[in-house]
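S.K.: Let me begin by handing over the structure; questions about it come next.
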Amino acid sequence: MATEAKPPAAPQAPAAAPLAPEAATSKDYYFDSYSHFSIHEEMLKDTVRTMSYRNAIMNNAHLLAGKVVMDVGCGTGILSMFAARAGAAHVIAIECSGIADQARQIIAANGLSDKITVLKKKCEEITDDELPNGITKVDCIISEWMGYFLLYESMLDTVIYARDRWLVDDGLLLPNTATLYISGIEDGEYMDEKINYWDNVYGFDMTAIKDLALLEPLVDTVEGTSVLSNAVPILELDLMTCTVEDLHFEAAFECTFFRNDYCHALVAYFDCGFTQLHTPVTFSTGPHAEYTHWKQTVFYLKDPLTVCEDEKISGTITCAPNSGNPRDLDIELQLDFQGTISSMHGTQKYRLR
């Protein structure tokens, strides 16, 4: 059990004066992209995302009642307010971007300032005396840390830091599981539009740009009907035990095609689970699931494959943060396919940025 919150709440340090909206420039948003309200609008309007968190919290309110909760990367404060409404004794909302200023205003406008303390800092820079009411440990950590391809620009390393520093031994993590999958898809029309377009542009060979287009995975929605193989897990994370090192991964996989078709790409997506709860909640970002702002991540093959039912494609995927910019991901696919009509044995490299 975490140290109890002792009312009244400690006064919050005055916030630095936020940049006036009319004074903000593209440079300000480049260096603090999460300050722009449109990003939060997209996430809030993602009902799969937001309702999954709301259901996990509100349908298990008895597990949070009287407890101390930490929200890592609180954004507008929506998850913190769910937790406060569920009966948490106190919520520590951590947000290092400029949206923290609006989060304070939103929390005050909803009469929850006595229940929620916003800390406008990086987790790693918070000192012990900055936690309110003498709190030293928390009973639950909530965070919407996931990025495209699960790990792109994700905050999982920060969540792990917060877990190791503040979460009690029998505490809750919401969510507590995440699984990344891969499968094969037919996507000829879009590949012609986005990749093969560069073969002939007004009569000119622009394949130099085609090579660049192939290097970058496409984040977009994939129709469920485009999927032509089973999906296999390539990364399974238990948030209670995983380490930062687990985010640099290598995994072998084998997918089986279930129809005769052309395979133009592999697609990756993830599922998340809130499985520590009495009423568990899960959601998927896959092609067969309801739309989410994470969409899917498509890795186009340089040479599409002609595949037949029951044929298999095997390979290894490796993923690591780029050495020059850790926000980017370097991804490599080593693929082996020997079919009746076509074959492929080689490696393709990608940069998710």
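To be explicit about the labels: the chains of the structure tokens are called A, B, and onward in the order shown, and within each one the residues are counted from 1, while ligands get numbers from 1 in the order they are shown.
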Among range 135-249 of chain A, which residues does DSSP mark as helix (DSSP H, G or I) when it is run on the backbone? Keep the chain and numbering as in the structure and answer as a ChimeraX atom specification.
M.R.: /A:156-166,188-194,196-199,207-215,224-226,244-247
S.K.: At a cut-off of 8 Å, using only C-alpha atoms, what residues contact range 271-278 of chain A? Leave out same-chain residues fewer than 2 positions from it and give the result as a ChimeraX atom specification.
M.R.: /A:56,60,63,172-180,269,280-286
S.K.: Go ahead and write the residues just picked, C-alpha atoms, as a PDB file, in the first residue's frame.
M.R.:
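The resulting selection.pdb:
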```
ATOM      1  CA  ALA A  56     -10.546  -0.292 -17.343  1.00  0.00           C
ATOM      2  CA  ASN A  60     -12.692  -1.464 -11.658  1.00  0.00           C
ATOM      3  CA  LEU A  63      -9.354  -1.251  -7.075  1.00  0.00           C
ATOM      4  CA  LEU A 172      -1.235  -2.069 -10.917  1.00  0.00           C
ATOM      5  CA  LEU A 173      -0.038  -1.009 -14.377  1.00  0.00           C
ATOM      6  CA  LEU A 174      -2.667   0.125 -16.871  1.00  0.00           C
ATOM      7  CA  PRO A 175      -2.187  -1.380 -19.402  1.00  0.00           C
ATOM      8  CA  ASN A 176       0.035  -4.248 -18.279  1.00  0.00           C
ATOM      9  CA  THR A 177       0.486  -6.230 -21.517  1.00  0.00           C
ATOM     10  CA  ALA A 178       1.272  -5.373 -25.136  1.00  0.00           C
ATOM     11  CA  THR A 179       1.801  -7.701 -28.092  1.00  0.00           C
ATOM     12  CA  LEU A 180       3.106  -6.754 -31.545  1.00  0.00           C
ATOM     13  CA  TYR A 269      -0.036  -3.895 -35.417  1.00  0.00           C
ATOM     14  CA  PRO A 280     -10.234  -7.091 -17.782  1.00  0.00           C
ATOM     15  CA  VAL A 281     -10.165  -4.919 -20.898  1.00  0.00           C
ATOM     16  CA  THR A 282      -8.285  -5.489 -24.166  1.00  0.00           C
ATOM     17  CA  PHE A 283      -8.134  -3.668 -27.472  1.00  0.00           C
ATOM     18  CA  SER A 284      -6.531  -4.265 -30.858  1.00  0.00           C
ATOM     19  CA  THR A 285      -5.111  -1.925 -33.498  1.00  0.00           C
ATOM     20  CA  GLY A 286      -5.263  -4.608 -36.191  1.00  0.00           C
TER      21      GLY A 286
END
```
S.K.: For Arg353 in chain A, please output as a CSV table (one decimal) with all heavy atoms, in the first residue's frame all residues within 12 Å (counting only C-alpha atoms; exclusion window: fewer than 3 positions along the same chain).
M.R.:
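Saved file part10.csv follows:
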```csv
chain,number,residue,atom,x,y,z
A,147,GLY,N,3.2,4.0,-29.3
A,147,GLY,CA,3.3,4.7,-30.5
A,147,GLY,C,3.0,3.9,-31.7
A,147,GLY,O,2.6,2.7,-31.6
A,148,TYR,N,3.2,4.4,-32.9
A,148,TYR,CA,3.1,3.6,-34.1
A,148,TYR,C,4.0,2.4,-34.0
A,148,TYR,O,5.1,2.6,-33.4
A,148,TYR,CB,3.4,4.4,-35.3
A,148,TYR,CG,2.6,5.6,-35.6
A,148,TYR,CD1,3.2,6.9,-35.9
A,148,TYR,CD2,1.2,5.6,-35.5
A,148,TYR,CE1,2.4,8.0,-36.1
A,148,TYR,CE2,0.4,6.7,-35.7
A,148,TYR,CZ,1.0,7.9,-36.0
A,148,TYR,OH,0.3,9.0,-36.2
A,149,PHE,N,3.6,1.3,-34.5
A,149,PHE,CA,4.5,0.1,-34.4
A,149,PHE,C,4.8,-0.2,-33.0
A,149,PHE,O,5.8,-0.8,-32.6
A,149,PHE,CB,5.7,0.3,-35.3
A,149,PHE,CG,6.6,-1.0,-35.4
A,149,PHE,CD1,6.1,-2.1,-36.1
A,149,PHE,CD2,7.8,-1.1,-34.8
A,149,PHE,CE1,6.9,-3.2,-36.3
A,149,PHE,CE2,8.6,-2.2,-35.0
A,149,PHE,CZ,8.1,-3.3,-35.7
A,151,LEU,N,6.3,0.9,-30.6
A,151,LEU,CA,7.5,1.5,-30.0
A,151,LEU,C,7.9,2.8,-30.6
A,151,LEU,O,8.8,3.4,-30.0
A,151,LEU,CB,8.6,0.5,-30.1
A,151,LEU,CG,8.4,-0.9,-29.4
A,151,LEU,CD1,9.6,-1.8,-29.6
A,151,LEU,CD2,8.1,-0.8,-27.9
A,152,TYR,N,7.4,3.2,-31.7
A,152,TYR,CA,7.9,4.5,-32.3
A,152,TYR,C,7.5,5.7,-31.4
A,152,TYR,O,6.4,5.9,-31.1
A,152,TYR,CB,7.3,4.6,-33.7
A,152,TYR,CG,7.7,6.0,-34.3
A,152,TYR,CD1,9.0,6.3,-34.6
A,152,TYR,CD2,6.7,6.9,-34.7
A,152,TYR,CE1,9.4,7.5,-35.2
A,152,TYR,CE2,7.1,8.1,-35.3
A,152,TYR,CZ,8.4,8.4,-35.5
A,152,TYR,OH,8.7,9.6,-36.1
A,153,GLU,N,8.5,6.4,-31.0
A,153,GLU,CA,8.3,7.6,-30.2
A,153,GLU,C,7.6,7.3,-28.9
A,153,GLU,O,6.9,8.1,-28.3
A,153,GLU,CB,7.6,8.7,-30.9
A,153,GLU,CG,8.5,9.4,-32.0
A,153,GLU,CD,7.9,10.7,-32.5
A,153,GLU,OE1,6.7,10.9,-32.5
A,153,GLU,OE2,8.7,11.5,-33.0
A,215,LEU,N,12.2,2.6,-48.1
A,215,LEU,CA,12.9,2.6,-46.9
A,215,LEU,C,12.0,3.0,-45.7
A,215,LEU,O,12.2,2.6,-44.6
A,215,LEU,CB,14.1,3.6,-46.9
A,215,LEU,CG,15.0,3.8,-45.7
A,215,LEU,CD1,15.8,2.5,-45.5
A,215,LEU,CD2,15.9,5.0,-45.9
A,216,GLU,N,10.9,3.8,-45.9
A,216,GLU,CA,10.1,4.3,-44.9
A,216,GLU,C,8.8,3.5,-44.8
A,216,GLU,O,8.0,3.5,-45.7
A,216,GLU,CB,9.8,5.7,-45.0
A,216,GLU,CG,11.0,6.6,-44.9
A,216,GLU,CD,10.6,8.1,-44.7
A,216,GLU,OE1,9.4,8.4,-44.4
A,216,GLU,OE2,11.5,9.0,-44.9
A,217,PRO,N,8.5,2.8,-43.7
A,217,PRO,CA,7.2,2.1,-43.5
A,217,PRO,C,6.1,3.1,-43.6
A,217,PRO,O,6.3,4.3,-43.2
A,217,PRO,CB,7.3,1.5,-42.1
A,217,PRO,CG,8.8,1.4,-41.8
A,217,PRO,CD,9.4,2.6,-42.5
A,218,LEU,N,5.0,2.7,-44.1
A,218,LEU,CA,3.8,3.5,-44.3
A,218,LEU,C,2.9,3.3,-43.1
A,218,LEU,O,2.5,2.1,-42.8
A,218,LEU,CB,3.1,3.2,-45.6
A,218,LEU,CG,1.8,4.0,-45.8
A,218,LEU,CD1,2.1,5.5,-46.1
A,218,LEU,CD2,1.0,3.4,-47.0
A,219,VAL,N,2.5,4.3,-42.4
A,219,VAL,CA,1.5,4.2,-41.3
A,219,VAL,C,0.2,4.6,-41.9
A,219,VAL,O,0.0,5.8,-42.3
A,219,VAL,CB,1.9,5.1,-40.1
A,219,VAL,CG1,0.8,5.1,-39.1
A,219,VAL,CG2,3.2,4.7,-39.5
A,297,THR,N,1.2,-0.4,-39.5
A,297,THR,CA,2.5,-0.1,-40.1
A,297,THR,C,2.8,-1.1,-41.2
A,297,THR,O,2.8,-2.3,-40.9
A,297,THR,CB,3.6,-0.1,-39.0
A,297,THR,OG1,3.2,0.8,-37.9
A,297,THR,CG2,4.9,0.4,-39.6
A,321,PRO,N,16.4,1.5,-31.6
A,321,PRO,CA,16.4,2.9,-31.8
A,321,PRO,C,17.6,3.3,-32.7
A,321,PRO,O,18.6,2.7,-32.6
A,321,PRO,CB,16.5,3.5,-30.4
A,321,PRO,CG,16.0,2.4,-29.5
A,321,PRO,CD,16.4,1.1,-30.2
A,322,ASN,N,17.3,4.3,-33.6
A,322,ASN,CA,18.4,4.8,-34.4
A,322,ASN,C,19.5,5.4,-33.6
A,322,ASN,O,19.2,6.2,-32.6
A,322,ASN,CB,17.9,5.8,-35.4
A,322,ASN,CG,18.9,6.4,-36.3
A,322,ASN,OD1,19.4,7.5,-36.1
A,322,ASN,ND2,19.3,5.6,-37.3
A,324,GLY,N,21.5,7.8,-34.3
A,324,GLY,CA,21.6,9.2,-34.4
A,324,GLY,C,20.4,10.0,-33.8
A,324,GLY,O,20.5,11.1,-33.3
A,325,ASN,N,19.2,9.3,-33.9
A,325,ASN,CA,18.0,9.9,-33.3
A,325,ASN,C,17.2,8.8,-32.7
A,325,ASN,O,16.5,8.1,-33.4
A,325,ASN,CB,17.2,10.6,-34.4
A,325,ASN,CG,15.9,11.3,-33.8
A,325,ASN,OD1,15.7,11.2,-32.6
A,325,ASN,ND2,15.2,11.9,-34.7
A,326,PRO,N,17.3,8.6,-31.4
A,326,PRO,CA,16.6,7.5,-30.7
A,326,PRO,C,15.1,7.5,-30.9
A,326,PRO,O,14.4,6.5,-30.6
A,326,PRO,CB,17.0,7.7,-29.2
A,326,PRO,CG,18.2,8.5,-29.3
A,326,PRO,CD,18.1,9.4,-30.4
A,327,ARG,N,14.5,8.6,-31.3
A,327,ARG,CA,13.1,8.7,-31.6
A,327,ARG,C,12.7,7.8,-32.8
A,327,ARG,O,11.6,7.3,-32.9
A,327,ARG,CB,12.6,10.1,-31.8
A,327,ARG,CG,12.7,11.0,-30.5
A,327,ARG,CD,12.7,12.5,-30.9
A,327,ARG,NE,11.4,12.9,-31.6
A,327,ARG,CZ,10.4,13.3,-30.9
A,327,ARG,NH1,10.4,13.4,-29.6
A,327,ARG,NH2,9.3,13.7,-31.6
A,328,ASP,N,13.7,7.7,-33.7
A,328,ASP,CA,13.4,6.9,-34.9
A,328,ASP,C,13.8,5.4,-34.6
A,328,ASP,O,14.5,5.1,-33.7
A,328,ASP,CB,14.3,7.3,-36.1
A,328,ASP,CG,14.0,8.7,-36.5
A,328,ASP,OD1,13.0,9.3,-36.1
A,328,ASP,OD2,14.8,9.3,-37.3
A,329,LEU,N,13.2,4.5,-35.4
A,329,LEU,CA,13.5,3.1,-35.2
A,329,LEU,C,14.1,2.5,-36.5
A,329,LEU,O,13.6,2.8,-37.6
A,329,LEU,CB,12.2,2.3,-35.0
A,329,LEU,CG,11.4,2.6,-33.7
A,329,LEU,CD1,10.1,1.8,-33.6
A,329,LEU,CD2,12.3,2.2,-32.5
A,330,ASP,N,15.2,1.8,-36.3
A,330,ASP,CA,15.8,1.0,-37.4
A,330,ASP,C,15.2,-0.4,-37.4
A,330,ASP,O,15.4,-1.1,-36.4
A,330,ASP,CB,17.3,1.0,-37.3
A,330,ASP,CG,18.0,2.4,-37.6
A,330,ASP,OD1,17.4,3.1,-38.3
A,330,ASP,OD2,19.0,2.6,-37.0
A,331,ILE,N,14.6,-0.8,-38.5
A,331,ILE,CA,14.0,-2.1,-38.6
A,331,ILE,C,14.5,-2.9,-39.8
A,331,ILE,O,14.7,-2.3,-40.8
A,331,ILE,CB,12.4,-1.9,-38.7
A,331,ILE,CG1,11.9,-1.2,-37.5
A,331,ILE,CG2,11.8,-3.3,-38.8
A,331,ILE,CD1,10.5,-0.7,-37.7
A,350,TYR,N,14.5,-0.7,-43.1
A,350,TYR,CA,13.5,0.3,-43.0
A,350,TYR,C,13.9,1.3,-41.9
A,350,TYR,O,14.6,0.9,-40.9
A,350,TYR,CB,12.1,-0.2,-42.7
A,350,TYR,CG,11.7,-1.3,-43.7
A,350,TYR,CD1,12.0,-2.6,-43.5
A,350,TYR,CD2,10.9,-0.9,-44.8
A,350,TYR,CE1,11.6,-3.6,-44.4
A,350,TYR,CE2,10.4,-1.9,-45.7
A,350,TYR,CZ,10.8,-3.2,-45.5
A,350,TYR,OH,10.4,-4.2,-46.4
```
S.K.: Using only C-alpha atoms, find each residue of range 248-278 of chain A with at least one atom at most 12 Å away from an atom of range 226-229 of chain A; report its shortest atom-to-atom pair and that distance in Å (one decimal), sort the rows by chain and rising residue number, and return the result as a tab-separated table.
M.R.:
```
residue	atom	partner	partner_atom	distance
A:Glu254	CA	A:Ser229	CA	9.8
A:Cys255	CA	A:Ser229	CA	6.0
A:Thr256	CA	A:Ser229	CA	5.3
A:Phe257	CA	A:Ser229	CA	4.1
A:Phe258	CA	A:Ser229	CA	5.5
A:Arg259	CA	A:Leu228	CA	6.4
A:Asn260	CA	A:Leu228	CA	8.5
A:Asp261	CA	A:Leu228	CA	7.7
A:Tyr262	CA	A:Leu228	CA	8.8
A:Cys263	CA	A:Leu228	CA	7.7
A:His264	CA	A:Ser226	CA	10.1
A:Ala265	CA	A:Val227	CA	9.9
A:Leu266	CA	A:Val227	CA	9.1
A:Val267	CA	A:Val227	CA	8.5
A:Ala268	CA	A:Val227	CA	11.1
```
S.K.: How would the residues just chosen look if you wrote them out with all heavy atoms as a compact mmCIF listing (two decimals), in the first residue's frame?
M.R.:
```txt
# COMPACT_ATOMS: atom_id res chain seq x y z
N GLU A 254 6.98 -17.03 -38.75
CA GLU A 254 6.55 -17.77 -39.93
C GLU A 254 5.06 -17.57 -40.12
O GLU A 254 4.27 -17.83 -39.20
CB GLU A 254 6.86 -19.26 -39.78
CG GLU A 254 6.48 -20.07 -41.02
CD GLU A 254 6.80 -21.54 -40.87
OE1 GLU A 254 5.98 -22.25 -40.23
OE2 GLU A 254 7.85 -21.98 -41.37
N CYS A 255 4.68 -17.07 -41.27
CA CYS A 255 3.27 -16.83 -41.59
C CYS A 255 2.84 -17.78 -42.71
O CYS A 255 3.60 -18.03 -43.65
CB CYS A 255 3.05 -15.39 -42.04
SG CYS A 255 3.42 -14.14 -40.79
N THR A 256 1.60 -18.26 -42.62
CA THR A 256 1.05 -19.16 -43.63
C THR A 256 -0.04 -18.43 -44.41
O THR A 256 -0.99 -17.88 -43.83
CB THR A 256 0.44 -20.40 -42.97
OG1 THR A 256 1.45 -21.06 -42.18
CG2 THR A 256 -0.10 -21.37 -44.02
N PHE A 257 0.09 -18.42 -45.74
CA PHE A 257 -0.90 -17.76 -46.59
C PHE A 257 -2.15 -18.63 -46.69
O PHE A 257 -2.05 -19.86 -46.82
CB PHE A 257 -0.31 -17.49 -47.98
CG PHE A 257 0.85 -16.54 -47.94
CD1 PHE A 257 2.16 -17.00 -48.14
CD2 PHE A 257 0.66 -15.20 -47.69
CE1 PHE A 257 3.24 -16.13 -48.10
CE2 PHE A 257 1.73 -14.32 -47.65
CZ PHE A 257 3.03 -14.79 -47.85
N PHE A 258 -3.32 -17.97 -46.66
CA PHE A 258 -4.55 -18.77 -46.70
C PHE A 258 -5.32 -18.58 -48.01
O PHE A 258 -6.46 -19.02 -48.13
CB PHE A 258 -5.45 -18.48 -45.49
CG PHE A 258 -5.69 -17.03 -45.18
CD1 PHE A 258 -6.44 -16.23 -46.02
CD2 PHE A 258 -5.18 -16.47 -44.02
CE1 PHE A 258 -6.68 -14.91 -45.72
CE2 PHE A 258 -5.41 -15.14 -43.71
CZ PHE A 258 -6.17 -14.35 -44.56
N ARG A 259 -4.71 -17.93 -49.03
CA ARG A 259 -5.34 -17.88 -50.35
C ARG A 259 -4.27 -17.60 -51.41
O ARG A 259 -3.16 -17.18 -51.09
CB ARG A 259 -6.42 -16.80 -50.39
CG ARG A 259 -5.94 -15.36 -50.31
CD ARG A 259 -7.09 -14.38 -50.61
NE ARG A 259 -6.64 -13.01 -50.66
CZ ARG A 259 -6.84 -12.11 -49.70
NH1 ARG A 259 -7.47 -12.48 -48.60
NH2 ARG A 259 -6.41 -10.86 -49.84
N ASN A 260 -4.63 -17.85 -52.64
CA ASN A 260 -3.76 -17.52 -53.77
C ASN A 260 -3.88 -16.02 -54.05
O ASN A 260 -4.98 -15.50 -54.24
CB ASN A 260 -4.18 -18.29 -55.03
CG ASN A 260 -4.14 -19.79 -54.82
OD1 ASN A 260 -3.47 -20.30 -53.93
ND2 ASN A 260 -4.87 -20.52 -55.66
N ASP A 261 -2.74 -15.33 -54.09
CA ASP A 261 -2.80 -13.89 -54.26
C ASP A 261 -1.38 -13.35 -54.45
O ASP A 261 -0.42 -14.12 -54.55
CB ASP A 261 -3.46 -13.22 -53.05
CG ASP A 261 -4.23 -11.97 -53.43
OD1 ASP A 261 -3.79 -11.24 -54.36
OD2 ASP A 261 -5.26 -11.68 -52.80
N TYR A 262 -1.26 -12.05 -54.47
CA TYR A 262 0.04 -11.38 -54.48
C TYR A 262 0.29 -10.79 -53.09
O TYR A 262 -0.59 -10.14 -52.52
CB TYR A 262 0.09 -10.26 -55.53
CG TYR A 262 -0.09 -10.75 -56.94
CD1 TYR A 262 -1.33 -10.64 -57.57
CD2 TYR A 262 0.97 -11.31 -57.65
CE1 TYR A 262 -1.51 -11.08 -58.86
CE2 TYR A 262 0.80 -11.76 -58.94
CZ TYR A 262 -0.44 -11.65 -59.54
OH TYR A 262 -0.61 -12.10 -60.84
N CYS A 263 1.47 -10.99 -52.58
CA CYS A 263 1.86 -10.40 -51.30
C CYS A 263 2.76 -9.19 -51.60
O CYS A 263 3.89 -9.37 -52.06
CB CYS A 263 2.58 -11.41 -50.41
SG CYS A 263 3.13 -10.73 -48.82
N HIS A 264 2.26 -8.00 -51.32
CA HIS A 264 3.01 -6.79 -51.59
C HIS A 264 3.75 -6.25 -50.38
O HIS A 264 4.68 -5.44 -50.52
CB HIS A 264 2.08 -5.69 -52.11
CG HIS A 264 1.39 -6.03 -53.39
ND1 HIS A 264 0.15 -6.60 -53.44
CD2 HIS A 264 1.80 -5.87 -54.69
CE1 HIS A 264 -0.20 -6.79 -54.70
NE2 HIS A 264 0.77 -6.36 -55.48
N ALA A 265 3.34 -6.69 -49.20
CA ALA A 265 3.90 -6.08 -47.99
C ALA A 265 3.62 -6.95 -46.79
O ALA A 265 2.78 -7.87 -46.82
CB ALA A 265 3.29 -4.69 -47.78
N LEU A 266 4.30 -6.64 -45.71
CA LEU A 266 3.97 -7.17 -44.40
C LEU A 266 3.40 -6.02 -43.57
O LEU A 266 3.82 -4.86 -43.72
CB LEU A 266 5.20 -7.76 -43.70
CG LEU A 266 5.88 -8.93 -44.42
CD1 LEU A 266 7.09 -9.42 -43.61
CD2 LEU A 266 4.91 -10.08 -44.67
N VAL A 267 2.45 -6.33 -42.71
CA VAL A 267 1.83 -5.31 -41.88
C VAL A 267 2.02 -5.67 -40.41
O VAL A 267 1.96 -6.85 -40.03
CB VAL A 267 0.32 -5.16 -42.21
CG1 VAL A 267 -0.46 -6.42 -41.88
CG2 VAL A 267 -0.26 -3.96 -41.48
N ALA A 268 2.26 -4.66 -39.60
CA ALA A 268 2.43 -4.86 -38.16
C ALA A 268 1.38 -4.04 -37.40
O ALA A 268 1.01 -2.94 -37.83
CB ALA A 268 3.84 -4.47 -37.71
```
S.K.: I need the residue nearest Leu156 in chain A from this list: A:Thr243, A:Asn196, A:Ser342, A:Thr76. Use only C-alpha atoms for the distance.
M.R.: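 The shortest atom-to-atom distance to Leu156 in chain A comes from A:Thr243.
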S.K.: Residues near Ala83 in chain A, anyone? I mean within 12 Å using only C-alpha atoms, not counting same-chain ones fewer than 2 positions away, as a short mmCIF file (atom, residue, chain, number, x, y, z; two decimals) with C-alpha atoms, in the first residue's frame.
M.R.:
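Written file, result_18.cif:
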```
data_model
loop_
_atom_site.label_atom_id
_atom_site.label_comp_id
_atom_site.auth_asym_id
_atom_site.auth_seq_id
_atom_site.Cartn_x
_atom_site.Cartn_y
_atom_site.Cartn_z
CA TYR A 53 -8.88 3.26 -20.58
CA ARG A 54 -12.16 4.62 -19.21
CA ASN A 55 -13.68 1.14 -18.95
CA ALA A 56 -10.55 -0.29 -17.34
CA ILE A 57 -10.62 2.46 -14.72
CA MET A 58 -14.32 2.99 -14.09
CA ASN A 59 -15.36 -0.68 -14.25
CA ASN A 60 -12.69 -1.46 -11.66
CA ALA A 61 -13.13 1.62 -9.51
CA HIS A 62 -13.01 -0.46 -6.32
CA LEU A 63 -9.35 -1.25 -7.08
CA LEU A 64 -8.46 2.46 -7.24
CA ALA A 65 -10.68 3.78 -4.46
CA GLY A 66 -8.51 5.41 -1.78
CA LYS A 67 -5.33 4.64 -3.72
CA VAL A 68 -2.54 6.84 -5.05
CA VAL A 69 -2.35 6.87 -8.86
CA MET A 70 0.35 8.20 -11.19
CA ASP A 71 -0.45 9.18 -14.78
CA CYS A 74 -0.98 12.86 -18.82
CA GLY A 77 -5.42 14.99 -18.02
CA ILE A 78 -8.29 12.81 -19.21
CA LEU A 79 -6.96 9.58 -17.65
CA SER A 80 -6.12 11.40 -14.41
CA MET A 81 -9.68 12.70 -14.22
CA ARG A 85 -13.73 10.15 -10.54
CA ALA A 86 -13.15 6.47 -9.76
CA GLY A 87 -12.26 7.44 -6.19
CA ALA A 88 -8.46 7.65 -6.14
CA ALA A 89 -7.17 9.39 -3.02
CA HIS A 90 -4.76 11.43 -5.14
CA VAL A 91 -3.48 11.42 -8.71
CA ILE A 92 -0.03 12.61 -9.72
CA ALA A 93 -0.23 13.71 -13.35
CA LEU A 112 -10.59 18.21 -9.37
CA LYS A 115 -7.45 15.43 -6.18
CA ILE A 116 -4.90 15.84 -9.00
CA ASP A 139 -0.46 2.01 -6.03
CA CYS A 140 -1.17 2.31 -9.74
CA ILE A 141 0.53 3.74 -12.82
CA ILE A 142 -1.60 4.67 -15.81
CA SER A 143 0.01 5.63 -19.10
CA LEU A 174 -2.67 0.12 -16.87
#
```
S.K.: From a DSSP pass on the backbone, collect the residues of range 217-287 of chain A flagged as strand (DSSP E or B) and hand them back as a ChimeraX atom specification.
M.R.: /A:218-220,227,229,232-238,249-257,261-274,281-284
S.K.: In Å, with one decimal, what is the gap from CA of Gly224 in chain A to CA of Ser183 in chain A?
M.R.: 11.4 Å
S.K.: Taking only C-alpha atoms into account, which of A:Ala252, A:Glu332, A:Lys137, A:Asp129 comes nearest Gly171 in chain A?
M.R.: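 Going through A:Ala252, A:Glu332, A:Lys137, A:Asp129 one by one, the smallest distance to Gly171 in chain A is for A:Lys137.
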S.K.: Select, from A:Ile341, A:Ile182, A:Leu44, A:Ile209, the residue with the minimum atom-to-atom distance to Ala231 in chain A, counting only C-alpha atoms.
M.R.: A:Ile182
S.K.: Measuring between only C-alpha atoms, which one of A:Cys308, A:Leu333, A:Leu235, A:Met51 shows the shortest distance to Leu150 in chain A?
M.R.: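 Comparing A:Cys308, A:Leu333, A:Leu235, A:Met51 against Leu150 in chain A, the winner is A:Leu235.
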